[in-house]
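The structure file target_1.cif is reproduced below (mmCIF, C-alpha atoms).
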```cif
data_work
loop_
_atom_site.label_atom_id
_atom_site.label_comp_id
_atom_site.auth_asym_id
_atom_site.auth_seq_id
_atom_site.Cartn_x
_atom_site.Cartn_y
_atom_site.Cartn_z
CA MET F 8 -50.83 -2.37 -4.61
CA SER F 9 -48.73 -4.88 -6.52
CA SER F 10 -45.16 -5.44 -5.38
CA SER F 11 -43.79 -3.77 -8.51
CA GLY F 12 -46.16 -0.84 -7.87
CA ILE F 13 -44.78 -0.42 -4.34
CA ALA F 14 -41.19 -0.49 -5.59
CA LEU F 15 -41.97 1.99 -8.37
CA THR F 16 -43.68 4.39 -5.96
CA ILE F 17 -40.66 4.39 -3.64
CA ILE F 18 -38.22 4.82 -6.54
CA PHE F 19 -40.13 7.82 -7.88
CA ALA F 20 -40.51 9.36 -4.42
CA ILE F 21 -36.74 9.22 -3.94
CA ILE F 22 -36.02 10.59 -7.41
CA ALA F 23 -38.57 13.38 -6.94
CA ALA F 24 -36.99 14.29 -3.59
CA GLY F 25 -33.55 14.36 -5.21
CA ALA F 26 -34.70 16.53 -8.12
CA GLY F 27 -36.53 18.84 -5.69
CA ILE F 28 -33.39 19.31 -3.60
CA GLY F 29 -31.47 20.05 -6.79
CA LEU F 30 -33.95 22.65 -7.98
CA LEU F 31 -34.02 24.42 -4.61
CA ALA F 32 -30.24 24.37 -4.17
CA GLY F 33 -29.69 27.45 -6.30
CA ALA F 34 -32.74 29.40 -5.14
CA HIS F 35 -32.21 33.04 -4.10
CA ARG F 36 -28.83 33.16 -5.76
CA LYS F 37 -27.98 35.31 -8.67
CA MET F 38 -26.70 32.83 -11.22
CA ASP F 39 -23.75 33.78 -13.33
CA LEU F 40 -21.20 31.41 -14.81
CA GLU F 41 -18.92 31.77 -11.78
CA GLN F 42 -21.77 30.81 -9.43
CA TRP F 43 -23.14 28.13 -11.76
CA THR F 44 -19.97 26.23 -12.55
CA VAL F 45 -17.69 26.74 -9.50
CA GLY F 46 -20.23 27.79 -6.87
CA GLY F 47 -18.66 31.22 -6.47
CA ARG F 48 -15.54 29.50 -5.03
CA GLY F 49 -17.27 29.44 -1.67
CA PHE F 50 -17.73 25.76 -0.78
CA GLY F 51 -16.58 24.85 2.72
CA ALA F 52 -15.28 21.44 3.75
CA VAL F 53 -18.72 19.79 3.90
CA LEU F 54 -20.03 20.89 0.49
CA THR F 55 -16.67 20.13 -1.17
CA TYR F 56 -16.73 16.66 0.39
CA LEU F 57 -20.27 16.05 -0.81
CA LEU F 58 -19.52 17.27 -4.31
CA MET F 59 -16.43 15.11 -4.66
CA ALA F 60 -18.05 12.03 -3.13
CA GLY F 61 -21.05 12.75 -5.32
CA GLU F 62 -19.07 12.66 -8.52
CA VAL F 63 -16.63 9.84 -7.71
CA TYR F 64 -19.09 7.24 -6.42
CA THR F 65 -21.08 6.45 -9.54
CA THR F 66 -23.14 3.47 -10.68
CA PHE F 67 -19.77 1.75 -11.15
CA SER F 68 -19.37 1.68 -7.35
CA PHE F 69 -22.67 -0.19 -7.05
CA LEU F 70 -22.94 -2.45 -10.09
CA GLY F 71 -19.37 -2.43 -11.42
CA ALA F 72 -17.54 -3.09 -8.15
CA SER F 73 -19.87 -5.94 -7.17
CA GLY F 74 -19.70 -7.22 -10.75
CA TRP F 75 -15.90 -7.34 -10.53
CA ALA F 76 -16.08 -9.23 -7.22
CA TYR F 77 -18.56 -11.65 -8.79
CA SER F 78 -16.97 -12.40 -12.13
CA ARG F 79 -13.28 -11.64 -11.51
CA GLY F 80 -12.85 -12.06 -7.72
CA GLY F 81 -9.64 -10.86 -6.04
CA PRO F 82 -8.66 -8.30 -8.71
CA ALA F 83 -11.73 -6.24 -7.65
CA LEU F 84 -9.69 -5.07 -4.65
CA TYR F 85 -7.76 -2.68 -6.90
CA ILE F 86 -10.74 -0.30 -6.79
CA MET F 87 -10.28 0.27 -3.04
CA ALA F 88 -6.56 0.84 -3.45
CA TYR F 89 -6.61 3.26 -6.36
CA LEU F 90 -9.38 5.42 -4.88
CA THR F 91 -7.60 5.74 -1.54
CA LEU F 92 -4.26 6.51 -3.19
CA ALA F 93 -5.90 9.03 -5.54
CA TYR F 94 -7.00 11.00 -2.47
CA VAL F 95 -3.44 10.88 -1.17
CA VAL F 96 -2.27 12.42 -4.48
CA SER F 97 -5.07 14.98 -4.39
CA PHE F 98 -3.78 16.26 -1.06
CA PHE F 99 -0.71 17.65 -2.81
CA ILE F 100 -2.07 18.58 -6.22
CA LEU F 101 -5.53 20.08 -5.78
CA PRO F 102 -4.49 22.96 -3.45
CA GLN F 103 -1.99 24.11 -6.07
CA ILE F 104 -4.58 23.95 -8.85
CA TRP F 105 -7.01 25.83 -6.61
CA GLU F 106 -4.42 28.52 -5.90
CA MET F 107 -3.90 29.20 -9.57
CA GLY F 108 -7.65 29.04 -10.21
CA ARG F 109 -8.31 31.79 -7.70
CA LYS F 110 -5.50 33.94 -8.96
CA TYR F 111 -6.60 33.90 -12.59
CA GLY F 112 -10.33 33.19 -12.20
CA LEU F 113 -10.08 29.77 -13.87
CA GLN F 114 -13.28 27.74 -14.23
CA THR F 115 -12.36 24.70 -16.28
CA GLU F 116 -9.52 22.25 -16.78
CA ALA F 117 -8.94 23.74 -20.23
CA ASP F 118 -8.67 27.24 -18.67
CA PHE F 119 -5.92 25.91 -16.44
CA PHE F 120 -3.86 24.32 -19.20
CA GLY F 121 -4.32 27.34 -21.44
CA ARG F 122 -3.14 29.68 -18.72
CA ARG F 123 -0.37 27.54 -17.28
CA TYR F 124 1.26 26.78 -20.62
CA GLY F 125 0.23 29.98 -22.40
CA SER F 126 -1.37 28.14 -25.30
CA LYS F 127 -4.88 28.60 -26.69
CA HIS F 128 -4.44 25.48 -28.78
CA LEU F 129 -3.56 23.33 -25.78
CA ALA F 130 -6.66 24.67 -24.02
CA ALA F 131 -8.84 23.77 -27.00
CA PHE F 132 -7.25 20.31 -27.19
CA VAL F 133 -7.80 19.65 -23.46
CA CYS F 134 -11.37 20.84 -23.86
CA VAL F 135 -12.13 18.52 -26.80
CA VAL F 136 -10.50 15.50 -25.15
CA GLY F 137 -12.35 16.17 -21.89
CA MET F 138 -15.71 16.48 -23.62
CA ALA F 139 -15.09 13.39 -25.74
CA PHE F 140 -14.46 11.28 -22.65
CA LEU F 141 -17.38 12.68 -20.68
CA VAL F 142 -19.87 11.45 -23.28
CA PRO F 143 -19.36 7.70 -22.69
CA TYR F 144 -19.16 8.34 -18.93
CA VAL F 145 -22.60 9.98 -18.98
CA GLN F 146 -23.89 7.18 -21.18
CA LEU F 147 -22.54 4.60 -18.70
CA GLN F 148 -24.45 6.29 -15.88
CA LEU F 149 -27.68 6.30 -17.87
CA THR F 150 -27.32 2.65 -18.89
CA GLY F 151 -26.70 1.76 -15.24
CA LEU F 152 -29.71 3.80 -14.19
CA GLY F 153 -31.89 2.06 -16.79
CA ILE F 154 -30.82 -1.40 -15.57
CA ILE F 155 -31.27 -0.52 -11.89
CA MET F 156 -34.74 0.92 -12.35
CA GLU F 157 -35.90 -1.90 -14.61
CA VAL F 158 -34.79 -4.63 -12.21
CA ALA F 159 -35.78 -2.82 -9.00
CA SER F 160 -39.30 -2.20 -10.29
CA SER F 161 -39.59 -5.83 -11.51
CA GLU F 162 -39.88 -4.52 -15.08
CA GLY F 163 -42.54 -2.04 -13.94
CA ILE F 164 -40.68 0.62 -15.89
CA ARG F 165 -38.55 -0.09 -18.94
CA ARG F 166 -35.03 1.17 -19.47
CA THR F 167 -35.71 3.77 -22.11
CA PRO F 168 -38.46 5.74 -20.34
CA ALA F 169 -36.44 5.55 -17.12
CA MET F 170 -33.44 7.08 -18.85
CA VAL F 171 -35.52 9.79 -20.52
CA ILE F 172 -37.11 10.83 -17.22
CA ALA F 173 -33.70 10.93 -15.55
CA VAL F 174 -32.16 13.05 -18.31
CA VAL F 175 -34.98 15.60 -18.15
CA LEU F 176 -34.68 15.89 -14.35
CA VAL F 177 -30.89 16.13 -14.41
CA ALA F 178 -30.95 18.76 -17.13
CA SER F 179 -33.51 20.88 -15.26
CA PHE F 180 -31.78 20.96 -11.91
CA VAL F 181 -28.38 21.50 -13.46
CA LEU F 182 -29.74 24.37 -15.52
CA VAL F 183 -31.43 26.02 -12.54
CA SER F 184 -28.91 25.46 -9.75
CA GLY F 185 -25.59 24.49 -11.34
CA VAL F 186 -22.88 22.88 -9.26
CA ARG F 187 -24.73 23.62 -6.02
CA ALA F 188 -27.45 21.21 -7.17
CA VAL F 189 -24.93 18.39 -7.53
CA ALA F 190 -23.51 18.96 -4.04
CA TRP F 191 -26.94 19.10 -2.40
CA VAL F 192 -28.43 16.16 -4.32
CA SER F 193 -25.37 14.23 -3.15
CA VAL F 194 -26.53 14.66 0.46
CA LEU F 195 -29.51 12.41 -0.25
CA LYS F 196 -27.62 10.23 -2.73
CA ASP F 197 -24.69 9.49 -0.44
CA ALA F 198 -26.82 8.93 2.65
CA LEU F 199 -29.02 6.45 0.76
CA MET F 200 -26.08 4.81 -0.97
CA VAL F 201 -24.14 4.21 2.26
CA LEU F 202 -27.24 2.88 4.02
CA ALA F 203 -28.16 0.66 1.07
CA ALA F 204 -24.61 -0.67 0.73
CA ILE F 205 -24.34 -1.54 4.44
CA ALA F 206 -27.83 -3.08 4.49
CA ILE F 207 -27.18 -5.37 1.53
CA GLY F 208 -23.52 -6.01 2.43
CA ILE F 209 -24.60 -7.45 5.77
CA GLY F 210 -28.11 -8.62 4.89
CA VAL F 211 -27.37 -10.62 1.73
CA PRO F 212 -24.58 -12.81 3.23
CA TYR F 213 -26.67 -13.24 6.39
CA VAL F 214 -29.74 -14.50 4.53
CA HIS F 215 -27.80 -16.87 2.26
CA PHE F 216 -25.01 -18.09 4.55
CA GLY F 217 -25.75 -16.86 8.09
CA GLY F 218 -23.15 -14.09 8.13
CA VAL F 219 -20.23 -12.44 6.33
CA GLY F 220 -17.62 -14.74 7.93
CA LYS F 221 -19.56 -17.89 7.04
CA MET F 222 -19.99 -16.64 3.48
CA PHE F 223 -16.24 -16.10 3.04
CA ALA F 224 -15.47 -19.48 4.64
CA ALA F 225 -17.84 -21.19 2.20
CA LEU F 226 -16.40 -19.30 -0.77
CA ALA F 227 -12.79 -19.99 0.26
CA HIS F 228 -13.71 -23.68 0.51
CA ALA F 229 -15.62 -23.91 -2.79
CA ARG F 230 -13.44 -21.61 -4.91
CA PRO F 231 -10.11 -21.19 -3.13
CA ALA F 232 -8.55 -19.19 -5.98
CA HIS F 233 -11.41 -16.71 -6.39
CA LEU F 234 -10.53 -14.46 -3.45
CA THR F 235 -6.94 -13.67 -4.43
CA MET F 236 -5.39 -12.32 -7.61
CA PRO F 237 -5.67 -13.21 -10.46
CA GLY F 238 -8.97 -14.68 -9.23
CA ALA F 239 -11.19 -15.94 -12.03
CA THR F 240 -9.08 -14.16 -14.66
CA SER F 241 -5.93 -15.36 -16.35
CA ASN F 242 -3.99 -12.10 -16.52
CA LEU F 243 -5.03 -9.78 -13.65
CA GLY F 244 -2.17 -10.69 -11.32
CA HIS F 245 0.18 -8.63 -9.17
CA THR F 246 1.97 -6.90 -12.05
CA TRP F 247 -1.37 -5.77 -13.41
CA TYR F 248 -2.45 -4.66 -9.92
CA ILE F 249 0.62 -2.51 -9.28
CA SER F 250 0.66 -0.86 -12.71
CA THR F 251 -3.09 -0.20 -12.80
CA VAL F 252 -3.29 1.14 -9.26
CA LEU F 253 -0.32 3.46 -9.85
CA LEU F 254 -1.63 4.71 -13.19
CA THR F 255 -5.20 5.36 -11.99
CA SER F 256 -4.26 6.87 -8.65
CA LEU F 257 -1.65 9.22 -10.10
CA GLY F 258 -3.73 10.24 -13.12
CA PHE F 259 -7.24 9.93 -11.78
CA PHE F 260 -7.94 13.25 -10.11
CA TYR F 261 -6.52 15.88 -12.30
CA MET F 262 -7.25 14.26 -15.65
CA TRP F 263 -11.04 14.13 -15.35
CA PRO F 264 -12.37 17.59 -16.23
CA HIS F 265 -15.15 17.44 -13.61
CA ALA F 266 -12.84 16.34 -10.78
CA PHE F 267 -10.36 19.00 -11.81
CA ALA F 268 -13.00 21.74 -11.85
CA ALA F 269 -14.46 20.59 -8.53
CA SER F 270 -11.32 21.83 -6.81
CA PHE F 271 -12.20 25.39 -7.93
CA THR F 272 -15.42 25.29 -5.87
CA ALA F 273 -13.51 25.10 -2.57
CA LYS F 274 -13.11 28.30 -0.62
CA SER F 275 -9.46 27.61 0.22
CA GLY F 276 -6.56 25.28 -0.46
CA ASP F 277 -6.82 24.23 3.16
CA THR F 278 -10.39 22.97 2.56
CA LEU F 279 -9.04 20.66 -0.14
CA ARG F 280 -6.30 19.35 2.13
CA ARG F 281 -8.73 18.63 4.94
CA ASN F 282 -11.03 17.01 2.41
CA ALA F 283 -8.26 14.68 1.22
CA VAL F 284 -7.70 13.53 4.81
CA VAL F 285 -11.29 12.30 5.25
CA MET F 286 -12.17 11.23 1.69
CA PRO F 287 -10.47 7.78 1.91
CA LEU F 288 -12.91 6.76 4.67
CA TYR F 289 -15.79 6.88 2.20
CA THR F 290 -14.06 4.06 0.31
CA LEU F 291 -14.97 1.76 3.22
CA THR F 292 -18.47 1.60 1.69
CA LEU F 293 -16.97 -0.50 -1.10
CA ALA F 294 -16.21 -3.31 1.36
CA PHE F 295 -19.95 -3.86 1.77
CA VAL F 296 -20.48 -3.78 -1.99
CA PHE F 297 -17.77 -6.45 -2.30
CA PHE F 298 -19.46 -8.59 0.39
CA THR F 299 -22.59 -8.56 -1.77
CA GLY F 300 -20.70 -9.41 -4.95
CA PHE F 301 -18.81 -12.29 -3.30
CA THR F 302 -22.05 -13.69 -1.84
CA ALA F 303 -23.55 -13.72 -5.33
CA VAL F 304 -20.78 -16.05 -6.56
CA LEU F 305 -22.32 -19.01 -4.74
CA ALA F 306 -25.86 -17.69 -4.26
CA VAL F 307 -26.68 -16.86 -7.91
CA PRO F 308 -24.00 -18.64 -9.97
CA GLY F 309 -23.74 -18.63 -13.74
CA LEU F 310 -24.82 -15.06 -14.59
CA ARG F 311 -23.38 -14.11 -17.95
CA ASN F 312 -23.19 -10.40 -17.09
CA GLY F 313 -21.42 -9.75 -13.76
CA ASP F 314 -22.90 -6.25 -13.56
CA MET F 315 -26.26 -7.88 -12.86
CA ALA F 316 -24.92 -9.83 -9.86
CA LEU F 317 -25.77 -7.28 -7.16
CA LEU F 318 -29.31 -6.61 -8.37
CA THR F 319 -30.04 -10.30 -8.98
CA VAL F 320 -28.90 -11.40 -5.53
CA VAL F 321 -30.66 -8.47 -3.86
CA ARG F 322 -33.88 -9.30 -5.70
CA SER F 323 -33.67 -12.90 -4.54
CA THR F 324 -33.13 -11.77 -0.93
CA PHE F 325 -35.26 -8.76 -0.08
CA PRO F 326 -38.95 -7.74 -0.33
CA ALA F 327 -40.23 -5.36 -3.03
CA TRP F 328 -40.27 -2.18 -0.92
CA PHE F 329 -36.58 -2.59 -0.13
CA LEU F 330 -35.86 -3.09 -3.83
CA GLY F 331 -37.54 0.28 -4.31
CA VAL F 332 -35.11 1.90 -1.87
CA ILE F 333 -32.16 0.27 -3.68
CA GLY F 334 -33.60 1.37 -7.01
CA GLY F 335 -34.01 4.96 -5.83
CA ALA F 336 -30.53 5.06 -4.32
CA GLY F 337 -29.12 3.55 -7.51
CA ALA F 338 -30.95 6.07 -9.68
CA LEU F 339 -29.56 9.01 -7.68
CA THR F 340 -26.12 7.39 -7.80
CA ALA F 341 -26.37 7.68 -11.57
CA MET F 342 -28.03 11.11 -11.64
CA ALA F 343 -25.62 13.07 -9.43
CA PRO F 344 -22.52 12.13 -11.48
CA ALA F 345 -24.44 12.54 -14.75
CA ALA F 346 -25.34 16.05 -13.57
CA ILE F 347 -21.76 17.13 -12.89
CA PHE F 348 -20.55 15.54 -16.15
CA THR F 349 -23.19 17.46 -18.09
CA LEU F 350 -22.35 20.69 -16.29
CA THR F 351 -18.63 20.28 -16.92
CA ALA F 352 -19.11 19.43 -20.59
CA ALA F 353 -21.45 22.42 -21.02
CA THR F 354 -18.98 24.83 -19.43
CA LEU F 355 -16.10 23.43 -21.48
CA PHE F 356 -18.09 23.74 -24.68
CA ALA F 357 -19.35 27.27 -24.02
CA LYS F 358 -16.22 28.72 -22.52
CA ASN F 359 -13.33 26.98 -24.25
CA LEU F 360 -14.78 26.09 -27.64
CA TYR F 361 -17.82 28.15 -28.63
CA ARG F 362 -16.75 31.46 -27.15
CA PRO F 363 -13.21 31.65 -28.58
CA LEU F 364 -14.31 30.37 -31.99
CA PHE F 365 -17.73 31.81 -32.76
CA ALA F 366 -18.86 34.40 -30.28
CA ARG F 367 -18.91 38.13 -30.79
CA PRO F 368 -17.14 39.75 -27.87
CA THR F 369 -20.09 42.03 -27.03
CA ILE F 370 -22.31 39.23 -25.79
CA ARG F 371 -22.51 39.01 -22.00
CA TRP F 372 -21.66 35.39 -21.58
CA LYS F 373 -21.98 35.05 -17.89
CA HIS F 374 -25.67 35.77 -18.06
CA SER F 375 -26.59 34.20 -21.35
CA LEU F 376 -25.40 30.77 -20.31
CA ALA F 377 -27.14 30.40 -16.98
CA MET H 99 4.82 31.19 -7.48
CA PHE H 100 3.52 28.13 -5.60
CA LYS H 101 4.81 26.68 -2.46
CA ARG H 102 5.83 23.10 -3.05
CA PRO H 103 4.77 20.61 -0.38
CA SER H 104 7.54 19.97 2.11
CA LEU H 105 9.45 16.68 2.09
CA GLY H 106 8.24 16.07 5.63
CA ALA H 107 4.64 16.13 4.42
CA ILE H 108 5.32 13.90 1.41
CA LEU H 109 7.02 11.11 3.37
CA PRO H 110 3.95 9.98 5.39
CA ALA H 111 1.99 10.02 2.12
CA LEU H 112 4.36 7.52 0.55
CA ILE H 113 3.55 4.90 3.19
CA PRO H 114 0.07 4.13 1.77
CA PHE H 115 1.60 3.60 -1.70
CA VAL H 116 3.95 0.96 -0.32
CA ALA H 117 1.31 -0.64 1.88
CA MET H 118 -1.63 -0.73 -0.56
CA CYS H 119 0.14 -1.06 -3.89
CA LEU H 120 3.79 -2.08 -4.14
CA SER H 121 3.72 -4.74 -1.41
CA VAL H 122 0.77 -6.65 -2.90
CA PRO H 123 2.59 -10.03 -3.23
CA LEU H 124 3.15 -10.02 0.54
CA TRP H 125 -0.47 -9.64 1.61
CA ASP H 126 -2.57 -11.00 -1.25
CA ARG H 127 -3.80 -14.20 0.41
CA VAL H 128 -6.94 -15.58 2.04
CA GLU H 129 -5.48 -16.96 5.27
CA PRO H 130 -5.41 -15.95 8.05
CA MET H 131 -8.98 -14.71 7.93
CA LEU H 132 -9.53 -11.91 10.43
CA PHE H 133 -13.04 -11.27 11.75
CA GLY H 134 -14.20 -13.65 9.02
CA ILE H 135 -12.73 -11.49 6.25
CA PRO H 136 -9.97 -12.71 3.89
CA PHE H 137 -6.55 -11.33 4.76
CA ASN H 138 -6.11 -9.24 1.59
CA LEU H 139 -9.47 -7.50 1.96
CA PHE H 140 -8.88 -6.97 5.67
CA TRP H 141 -5.44 -5.50 4.92
CA LEU H 142 -6.87 -2.96 2.46
CA ILE H 143 -9.75 -2.00 4.74
CA SER H 144 -7.24 -1.35 7.54
CA TRP H 145 -5.05 0.70 5.24
CA ILE H 146 -7.93 2.90 4.12
CA VAL H 147 -8.17 4.02 7.74
CA LEU H 148 -4.39 4.16 8.20
CA SER H 149 -3.97 6.19 4.97
CA SER H 150 -6.36 8.72 6.39
CA LEU H 151 -4.17 8.90 9.48
CA CYS H 152 -1.01 9.33 7.37
CA LEU H 153 -2.64 12.25 5.55
CA PHE H 154 -3.68 13.66 8.89
CA GLY H 155 0.03 13.74 9.76
CA SER H 156 0.86 15.41 6.44
CA TYR H 157 -1.91 17.91 7.05
CA HIS H 158 -0.46 19.03 10.34
CA LEU H 159 2.96 19.53 8.83
CA GLU H 160 1.57 21.46 5.85
CA ALA H 161 -1.03 23.50 7.71
CA GLY H 162 1.58 24.60 10.25
CA ARG H 163 3.83 25.75 7.45
CA HIS H 164 1.07 27.68 5.66
CA LYS H 165 -0.21 29.26 8.83
CA LYS H 166 3.21 30.57 9.71
CA ASP H 167 3.23 32.53 6.46
CA GLY H 168 -0.31 33.74 7.09
CA ASP H 169 -1.81 32.30 3.94
CA THR H 170 -4.46 29.90 5.21
CA ARG H 171 -7.79 31.23 4.16
#
```
Encoded form using structure tokens:
Amino acid sequence: MSSSGIALTIIFAIIAAGAGIGLLAGAHRKMDLEQWTVGGRGFGAVLTYLLMAGEVYTTFSFLGASGWAYSRGGPALYIMAYLTLAYVVSFFILPQIWEMGRKYGLQTEADFFGRRYGSKHLAAFVCVVGMAFLVPYVQLQLTGLGIIMEVASSEGIRRTPAMVIAVVLVASFVLVSGVRAVAWVSVLKDALMVLAAIAIGIGVPYVHFGGVGKMFAALAHARPAHLTMPGATSNLGHTWYISTVLLTSLGFFYMWPHAFAASFTAKSGDTLRRNAVVMPLYTLTLAFVFFTGFTAVLAVPGLRNGDMALLTVVRSTFPAWFLGVIGGAGALTAMAPAAIFTLTAATLFAKNLYRPLFARPTIRWKHSLA
Amino acid sequence: MFKRPSLGAILPALIPFVAMCLSVPLWDRVEPMLFGIPFNLFWLISWIVLSSLCLFGSYHLEAGRHKKDGDTR
């Protein structure tokens, strides 16, 4: 088998396993909207953790974070800070949102704003804004997925067919299993992503420089300014860092409709608090992604698009079968978030836009949607 | 209707904001490298773990308060 054939086989095996897990996740459960979109409000600490990690760590964590380390340098560190601080904020906010969700049976962010402020118009506005911003976020995941699969398979599969296959799979497991599918697919996705990140974060610097420490020493010698802020940029200094980290960490969790709705899946406010205590630790994975991005600065210099840095340096370091594993992990890293974005947008559209505007009240919505 | 978080639980949660965000001019440098990692990256990695510990402190204060009123589910 050719090297691109081996990589493609592994990628498809991983994707098939992910889609299979997603399809089975909702088996033997009577699906109504409550079960489909907030998992019957029964997720314990582990499933809530998986769902939230599943939707926060997207293709940006792989390609974007390493791309920032490659083309901008020091400013990339803001990603670690804002994620950690967002979890700190979530500790105080999500349990309160959950409490109100349980009391009034809320399922979406728009439900919450409509109920809390007693305004149908505010609910509709929140719904439209949320949906509008989910569209480019889904598109970003699919573009990332296309790039990852194309490079990992050595052009064995082109971007467009890769994206079409992914969309069909995501749509089917979301339709069948709802939010449970996202949580369970994230088991495989997160396990592979953490393993892949550690393997390349240690492996790539080792192969090119003989270790992480030697890589940083070489980089600090060759480009002394790259590792601190503003790095390779002219304007991403400390003022930018403080303002951006504060803005994203304070606004991050409760403004995204999917992150907001994820808090409704928990079975108690206490689950969300415990979750917030352990969530920051997942951010440690980013350190390994940064190691890879920083190695690429000297190992594969001159790339015009920083987002390609991780894949390019990995391709120049590892054999084809390992590229397949990276490709599969990367594909799932795009598919799990794309799934929850789609689910959230669908619920918002059906519940907060279509139903109040067009539906006749006799239709049994809970069953017609799922 | 909702119980606001207690001040005691909020205070430990403010520490990560000072350490990871507001104090950036103090720790954003390469030297001294620790375990081969630039100082700023090492600082943030350490504070990811320490933030978790701070929240663990907040959790104990909050959970105790909620348990007393019998509303942990």
| request: Given the file shown, determine the residues that the PyMOL selection byres ((chain F) within 7 of (chain H)) selects; report them as a VMD selection string. | output: chain F and resid 88 91 to 92 95 99 103 219 to 220 223 234 to 235 245 249 252 275 277 280 284 to 285 287 to 288 291
| request: May I ask for the distance between CA of Val142 in chain F and CA of Phe348 in chain F, given in Å to one decimal place? | output: 8.2 Å
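In this model, the gap between CA of Val171 in chain F and CA of Val201 in chain F comes to 26.1 Å.
Distances from F:Trp263, F:Tyr77, F:Tyr64, F:Phe120 to Thr351 in chain F were compared using all atoms listed in the file, and the smallest one belongs to F:Trp263.
Using all atoms listed in the file, the shortest contact distance between Thr150 in chain F and any of F:Phe67, F:Phe329, F:Trp43, F:Phe298 is found at F:Phe67.
The gap separating CA of Arg48 in chain F from CA of Val135 in chain F is 24.6 Å, in Å to one decimal.
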| Selection: 7 Å around Met170 in chain F, all atoms listed in the file, excl. self and same-chain fewer than 3 positions, as a VMD selection string | chain F and resid 149 152 to 153 166 to 167 173 to 174
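Closest approach to Gly238 in chain F from the set F:Ala83, F:Leu355, F:Val177, F:Val183 is made by F:Ala83, with distances taken over only C-alpha atoms.
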Box in all listed atoms of range 29-48 of chain F, axis-aligned, with 4 Å more on each side; write out centre and edge lengths in Å to one decimal as AutoDock Vina command-line options.
```
--center_x -24.8 --center_y 27.7 --center_z -9.5 --size_x 26.5 --size_y 23.3 --size_z 18.7
```
| task | Could you expand the PyMOL selection byres ((chain F and resi 356-360) around 10) into the explicit residues it covers here, written as an MDAnalysis selection string? | result | chainID F and resid 40 114:118 121 127 130:135 137:138 350:355 361:366 372:373 376
| request: Pick out the closest residue to Leu101 in chain F from this set: F:Leu317, F:Met87, F:Ile347, F:Leu279. Count all atoms listed in the file. | output: F:Leu279
| Distance query Ala72 in chain F at most 10 Å, all atoms listed in the file, self and fewer than 4 positions along chain excluded, as number ranges by chain | F: 66-68, 76-77, 83-87, 293-294, 296-297, 299-300, 313-314, 317
